[in-house]
Amino acid sequence: MNKIWLIIKREYLAKVRKRTFIISTLLFPVLYFALIFGAGYLSDKTKKVVNIAVVDSSGLFTKEKIDAVNRIDSNHLLTLSATHLATLKTNLAATPYDGYMIVPANAKWQTGFSNLPLYTNRTLSVEASIAIQSKLNRAWDQIKNERLGIDTAMLSIIKKSNVDIIPINVKDKKSNAGHSTLIGIIAAMLIYIMLMLYGSQVMMGVTEEKTSRIAEVVISSVKPFQLMLGKIIGIGLVAFTQIIIWVSVILIAYSITGGQKTNAVDGAIAQVQQIFNTVNVPQVLFFLVFYLMAGFFFYASLFAAAGSAVNEDMREAQSLSFPLMMPIIFSMIMMGAVLKDPAGPIAVWGSIIPFTSPIIMMVRIPFGIPSTVPWWQIGLSMLSLVGGFFFTTWFAARIYRTGILMYGKKPSWKELLKWAFRK
Amino acid sequence: MGTILAVNNLKKYFANQRAVDDISLSLQEGQIFGLLGPNGAGKTTLIRMITGIFYPDEGTITFNGKKFDPINDIGSIGYMPEERGLYKKMKIGEQALYLAQLKGLSKTDATQRIKQWFVKLEMESWWNKKVEDLSKGMQQKLQFVTTVLHHPRLIILDEPFSGLDPVNSNLIKDEIFNLAKNGATIIFSTHRMEQVEEICDQVALVNKGKKILDNTVADIRQNFKEHLFRVAADHLPADLTTAPFSLQKKDKEAYIIKIKEEKNSNDVLHYLLQNGCTIYAFNEILPSLNEIFIRLVEGTPTTRQFENI
């Protein structure tokens with residue numbers, strides 16, 4: 001159909017040329033990297049050394065032991081204090097210390113301390129107090145080892161001789177739950193954002209065409225169904241374009257930053273490489289594109305129908321779109337349960353029913369096909385989503401063709417159903 | 001000149017309203033046809049059936065001698081709805097091009113015709129502007145151009161002059177006459193009666209889904225005349241019991257009289273002359289369409305009530 005192509009082209013160009021599309025497309029990768037690098041940079045810049053004086057009346061802590069633990073991390077220092085206790089107590093600010101603690105003379109290495117007070121003149125961050133406690137414990141371990149007569153060889157046995165398990169899925173030896181979870185969450189988030197974002201764009205676009213009466217002009221040239229489908233496909237292609245840009249920008253960025261050995265990048269790259277080894281990336285990408293597009297088409301026509309029922313008032317749009325957003329939001333709530341048991345009944349049904357399947361199936365797929373998701377489930381899920389798409393489009397088109405020309409009061413749900421099912 | 005559009009016993013019922021209830025119309029090629037009626041009379045529904053947006057429940061539409069086939073025939077129809085009807089954020093040239101292509105014009109054809117029209121209506125500098133930058137009157141002009149670009153044989157204009165200043169109104173009016181002269185048929189829907197009287201050859205009045213009047217403007221005014229005459233004379237005889245007319249009203253310079261049945265204007269003149277009156281002016285008062293419209297529609301509720309069908 002020549003006319004439907006014209007509509008798709010107009011819709012696509014109008015959206016892609018818009019400043020908001022360019023900004024949001026560029027901004028997303030920028031924000032993504034700002035988040036990764038910015039966080040590391042900020043925490044690096046805001047580091048402040050915390051120095052704690054240890055007043056040891058028991059004589060258990062020696063300078064050698066304290067120095068040994070200070071070498072681990074230079075941000076949180078312990079110092080065996082020579083300063084007079086009275087000065088610390090009365091005028092802490094004048095000393096070079098941020099706080100002090102008193103190890104009582106009657107301290108016993110066998111029992112340790114419960115609730116040893118650490119006096120400071122400002123509230124320490126959780127991170128700092130944990131670091132200080134772990135330093136003290138390391139020194140304390142050494143004290144215990146010496147008293148118990150445990151030498152380095154024995155210590156190595158104690159430390160290194162452990163039972164370590166590794167779960168191996170016999171159907172898919174490479175699978176790794178951690179990476180699968182990560183990929184699943186990212187994929188689900190992406191689909192969620194795209195469905196919400198572009199679904200509401202379809203709706204707003206339809207409402208705009210209706211209220212500006214352009215729909216009436218266009219419908220005198222093409223069928224309402226063509227106008228609706230053209231709009232949905234046009235916006236779907238915009239979504240597709242955006243995804244492709246993001247994916248390639250991220251891939252390019254990773255390959256460029258690969259040369260530099262910044263800590264943050266290094267860790268990220270190593271992890272990405274590991275993910276490539278444990279997850280079937282081409283397969284996941286294929287299904288991501290499928291579920292993203294099919295999910296979009298499944299919902300978009302419903303959003304279009306909702307948009308066609310709206311009059312001038314944008315609040316109507318909210319109340320009409322809410323029921324459509326519910327299953328999408330609900331899918332995200334289900335995600336936790338699916339991640340816990342990716343082969344359980346919630347996961348299986350959630351990934352077959354088309355209202356939730358785009359998100360739920362994408363959470364499951366990284367766990368492996370066919371080990372976690374058997375082929376029949378994928379097949380059924382894809383089939384029901386495509387079938388669902390045909391149904392929603394048929395259903396929505398019937399509401400749309402009436403709604404787009406109806407002005408006046410907001411129709412009730414009953415009326416909308418009547419539009420859909422009358423001959 | 002043949003019949004371009006014939007509508008026979010057209011019906012469209014909605015859930016609780018007989019929007020169009022058995023309307024028949026016949027339009028000749030080159031005619032300017034006024035479609036009148038109060039709000040909610042069924043004009044828009046009727047127009048939507050003619051433009052193929054709605055299917056009629058009953059009745060037939062014949063376009064250019066054949067059964068109306070929306071898919072093929074809408075290319076020969078141009079429709080300009082009452083309100084706006086343009087993409088606000090789209091450039092004007094692209095917008096006109098898009099709408100013309102939807103009507104089936106090729107890109108080169110469309111571009112050429114748009115440029116011609118833009119020159120004709122002094123819109124050349126608009127091409128790269130956006131619709132939101134235009135005033136309401138300018139938008140109306142653009143809307144008009146997009147309606148007629150594809151050389152439709154039937155042009156439906158819903159309130160085409162709303163928002164236009166007198167200069168631009170005249171510009172569009174001239175174009176409407178031009179289009180009709182070149183063989184296009186125009187359906188002109190409005191509430192502004194003085195424009196109808198000025199422009200239309202034929203008028204149909206629709207009320208409550210039914211056609212209550214369908215005739216030429218001149219005939220309608222003749223049919224609804226009340227035999228009223230305006231007489232400017234130095235005086236009238238004091239006693240009018242034997243006169244062939246009765247005095248309705250006297251204003252500053254003239255008398256409004258109503259001729260009695262079976263008498264005519266000559267009887268009146270004869271009587272006045274015999275009675276020594278000096279006559280300066282004598283003319284018939286025909287009712288304006290506005291008065292006829294109000295008279296016909298009056299007495300029916302101004303807004304349509306919902307009914308059960």
# chains A, B, ... in the order shown; residues from 1 in each chain; ligands from 1
$ closest_atom_pairs --of "chain A" --to "chain B" --cutoff "9 Å" --atoms "only C-alpha atoms" --output "JSON lines"
{"residue": "A:Asn2", "atom": "CA", "partner": "B:Leu102", "partner_atom": "CA", "distance": 8.6}
{"residue": "A:Lys3", "atom": "CA", "partner": "B:Leu102", "partner_atom": "CA", "distance": 5.8}
{"residue": "A:Ile4", "atom": "CA", "partner": "B:Leu102", "partner_atom": "CA", "distance": 8.8}
{"residue": "A:Leu6", "atom": "CA", "partner": "B:Leu102", "partner_atom": "CA", "distance": 7.1}
{"residue": "A:Ile7", "atom": "CA", "partner": "B:Leu102", "partner_atom": "CA", "distance": 8.2}
{"residue": "A:Arg10", "atom": "CA", "partner": "B:Tyr98", "partner_atom": "CA", "distance": 7.7}
{"residue": "A:Ala14", "atom": "CA", "partner": "B:Met90", "partner_atom": "CA", "distance": 7.4}
{"residue": "A:Glu208", "atom": "CA", "partner": "B:Tyr87", "partner_atom": "CA", "distance": 8.6}
{"residue": "A:Glu209", "atom": "CA", "partner": "B:Tyr87", "partner_atom": "CA", "distance": 7.5}
{"residue": "A:Lys210", "atom": "CA", "partner": "B:Gly85", "partner_atom": "CA", "distance": 8.8}
{"residue": "A:Thr211", "atom": "CA", "partner": "B:Gly85", "partner_atom": "CA", "distance": 8.6}
{"residue": "A:Ser212", "atom": "CA", "partner": "B:Gly85", "partner_atom": "CA", "distance": 5.3}
{"residue": "A:Arg213", "atom": "CA", "partner": "B:Gly85", "partner_atom": "CA", "distance": 4.3}
{"residue": "A:Ile214", "atom": "CA", "partner": "B:Gly85", "partner_atom": "CA", "distance": 3.8}
{"residue": "A:Ala215", "atom": "CA", "partner": "B:Gly85", "partner_atom": "CA", "distance": 7.3}
{"residue": "A:Glu216", "atom": "CA", "partner": "B:Pro81", "partner_atom": "CA", "distance": 7.2}
{"residue": "A:Val217", "atom": "CA", "partner": "B:Gly85", "partner_atom": "CA", "distance": 6.4}
{"residue": "A:Val218", "atom": "CA", "partner": "B:Leu99", "partner_atom": "CA", "distance": 7.4}
{"residue": "A:Ile219", "atom": "CA", "partner": "B:Ile53", "partner_atom": "CA", "distance": 6.5}
{"residue": "A:Ser220", "atom": "CA", "partner": "B:Thr51", "partner_atom": "CA", "distance": 5.9}
{"residue": "A:Ser221", "atom": "CA", "partner": "B:Lys103", "partner_atom": "CA", "distance": 5.7}
{"residue": "A:Val222", "atom": "CA", "partner": "B:Leu102", "partner_atom": "CA", "distance": 7.3}
{"residue": "A:Lys223", "atom": "CA", "partner": "B:Ile53", "partner_atom": "CA", "distance": 7.9}
{"residue": "A:Pro224", "atom": "CA", "partner": "B:Ile53", "partner_atom": "CA", "distance": 8.4}
$ select_by_dssp --residues "segment 76-239 of chain B" --states "strand (DSSP E)" --output "PyMOL selection string"
chain B and resi 77-80+154-158+185-189+202-207+210-216+228-233
$ write_last_selection --atoms "C-alpha atoms" --output "PDB file, in the first residue's frame"
ATOM      1  CA  ILE B  77     -13.251  14.611  -3.440  1.00  0.00           C
ATOM      2  CA  GLY B  78     -11.712  17.375  -1.388  1.00  0.00           C
ATOM      3  CA  TYR B  79     -12.901  17.885   2.169  1.00  0.00           C
ATOM      4  CA  MET B  80     -12.100  20.785   4.433  1.00  0.00           C
ATOM      5  CA  LEU B 154     -16.445  17.566  -5.566  1.00  0.00           C
ATOM      6  CA  ILE B 155     -15.225  19.988  -2.936  1.00  0.00           C
ATOM      7  CA  ILE B 156     -16.779  20.042   0.505  1.00  0.00           C
ATOM      8  CA  LEU B 157     -16.073  23.142   2.547  1.00  0.00           C
ATOM      9  CA  ASP B 158     -17.200  23.379   6.134  1.00  0.00           C
ATOM     10  CA  THR B 185     -19.009  21.081  -7.639  1.00  0.00           C
ATOM     11  CA  ILE B 186     -18.890  22.692  -4.235  1.00  0.00           C
ATOM     12  CA  ILE B 187     -20.795  21.811  -1.111  1.00  0.00           C
ATOM     13  CA  PHE B 188     -20.649  24.722   1.194  1.00  0.00           C
ATOM     14  CA  SER B 189     -21.695  24.190   4.779  1.00  0.00           C
ATOM     15  CA  GLN B 202     -28.854  25.979  -4.556  1.00  0.00           C
ATOM     16  CA  VAL B 203     -29.543  25.488  -0.882  1.00  0.00           C
ATOM     17  CA  ALA B 204     -30.708  22.585   1.251  1.00  0.00           C
ATOM     18  CA  LEU B 205     -31.797  23.090   4.804  1.00  0.00           C
ATOM     19  CA  VAL B 206     -31.402  20.154   7.141  1.00  0.00           C
ATOM     20  CA  ASN B 207     -32.931  19.914  10.565  1.00  0.00           C
ATOM     21  CA  LYS B 210     -34.320  15.522   7.709  1.00  0.00           C
ATOM     22  CA  LYS B 211     -34.157  17.764   4.712  1.00  0.00           C
ATOM     23  CA  ILE B 212     -36.795  20.450   5.119  1.00  0.00           C
ATOM     24  CA  LEU B 213     -35.929  22.630   2.145  1.00  0.00           C
ATOM     25  CA  ASP B 214     -34.074  22.178  -1.140  1.00  0.00           C
ATOM     26  CA  ASN B 215     -34.258  24.803  -3.842  1.00  0.00           C
ATOM     27  CA  THR B 216     -32.473  27.704  -5.506  1.00  0.00           C
ATOM     28  CA  LEU B 228     -44.749  42.639   1.848  1.00  0.00           C
ATOM     29  CA  PHE B 229     -43.881  45.850   0.028  1.00  0.00           C
ATOM     30  CA  ARG B 230     -42.040  48.903   1.031  1.00  0.00           C
ATOM     31  CA  VAL B 231     -43.743  52.100  -0.129  1.00  0.00           C
ATOM     32  CA  ALA B 232     -42.143  55.498   0.135  1.00  0.00           C
ATOM     33  CA  ALA B 233     -44.866  58.107  -0.390  1.00  0.00           C
TER      34      ALA B 233
END
$ residues_around --residues "segment 54-66 of chain A" --least-positions-apart "4" --cutoff "12 Å" --atoms "only C-alpha atoms" --output "PyMOL selection string"
chain A and resi 70-73+76-89+97-110+112+116-119+132+135-144+146-147
$ residues_around --residues "segment 324-335 of chain A" --least-positions-apart "5" --cutoff "9 Å" --atoms "only C-alpha atoms" --output "short mmCIF file (atom, residue, chain, number, x, y, z; two decimals) with N, CA and C atoms, in the first residue's frame"
data_model
loop_
_atom_site.label_atom_id
_atom_site.label_comp_id
_atom_site.auth_asym_id
_atom_site.auth_seq_id
_atom_site.Cartn_x
_atom_site.Cartn_y
_atom_site.Cartn_z
N ILE A 185 17.65 -8.61 33.83
CA ILE A 185 17.14 -7.35 34.39
C ILE A 185 17.31 -6.22 33.38
N ALA A 188 14.78 -6.64 30.59
CA ALA A 188 13.42 -6.33 31.05
C ALA A 188 13.23 -4.83 31.22
N MET A 189 14.24 -4.16 31.79
CA MET A 189 14.15 -2.72 32.00
C MET A 189 14.01 -2.00 30.66
N TYR A 192 10.61 -2.54 29.25
CA TYR A 192 9.67 -1.78 30.07
C TYR A 192 9.68 -0.30 29.67
N LEU A 195 8.30 0.20 26.09
CA LEU A 195 6.84 0.03 25.99
C LEU A 195 6.13 1.26 26.54
N MET A 196 6.59 1.70 27.70
CA MET A 196 5.95 2.86 28.33
C MET A 196 6.13 4.11 27.48
N TYR A 299 1.01 -3.81 22.36
CA TYR A 299 0.44 -2.75 23.19
C TYR A 299 0.09 -1.49 22.41
N LEU A 302 -3.40 -0.88 21.29
CA LEU A 302 -4.30 -0.59 22.41
C LEU A 302 -4.13 0.86 22.87
N PHE A 303 -2.88 1.30 22.90
CA PHE A 303 -2.64 2.70 23.26
C PHE A 303 -3.28 3.63 22.21
N ALA A 306 -6.91 3.81 22.95
CA ALA A 306 -7.15 4.67 24.11
C ALA A 306 -7.02 6.13 23.69
N LYS A 340 13.97 -15.59 40.89
CA LYS A 340 14.20 -16.59 41.94
C LYS A 340 14.02 -17.98 41.37
N ILE A 346 5.08 -19.46 37.78
CA ILE A 346 4.85 -18.03 37.52
C ILE A 346 5.63 -17.61 36.29
N ALA A 347 6.90 -18.05 36.24
CA ALA A 347 7.75 -17.69 35.12
C ALA A 347 7.18 -18.25 33.82
N GLY A 350 3.79 -16.53 33.00
CA GLY A 350 4.05 -15.13 32.72
C GLY A 350 4.70 -14.93 31.37
N PHE A 355 0.29 -10.49 27.62
CA PHE A 355 0.33 -9.22 28.33
C PHE A 355 1.64 -9.04 29.10
N THR A 356 2.19 -10.16 29.60
CA THR A 356 3.41 -10.06 30.39
C THR A 356 4.61 -10.68 29.68
N SER A 357 4.36 -11.44 28.61
CA SER A 357 5.45 -12.23 28.03
C SER A 357 6.64 -11.42 27.52
N PRO A 358 6.45 -10.21 26.94
CA PRO A 358 7.64 -9.52 26.44
C PRO A 358 8.69 -9.32 27.54
N ILE A 359 8.24 -8.93 28.73
CA ILE A 359 9.20 -8.67 29.80
C ILE A 359 9.63 -9.98 30.47
N ILE A 360 8.66 -10.82 30.83
CA ILE A 360 8.99 -12.03 31.60
C ILE A 360 9.86 -12.99 30.77
N VAL A 363 13.37 -11.95 30.76
CA VAL A 363 14.06 -12.21 32.02
C VAL A 363 14.57 -13.65 32.01
#
$ closest_residue --among "B:Thr3, B:Ser24, B:Ile92, B:Gly59" --to "Val131 of chain B" --atoms "only C-alpha atoms"
B:Ile92
$ atom_distance --atom1 "atom CA of Asn275 of chain B" --atom2 "atom CA of Lys249 of chain B"
19.7 Å
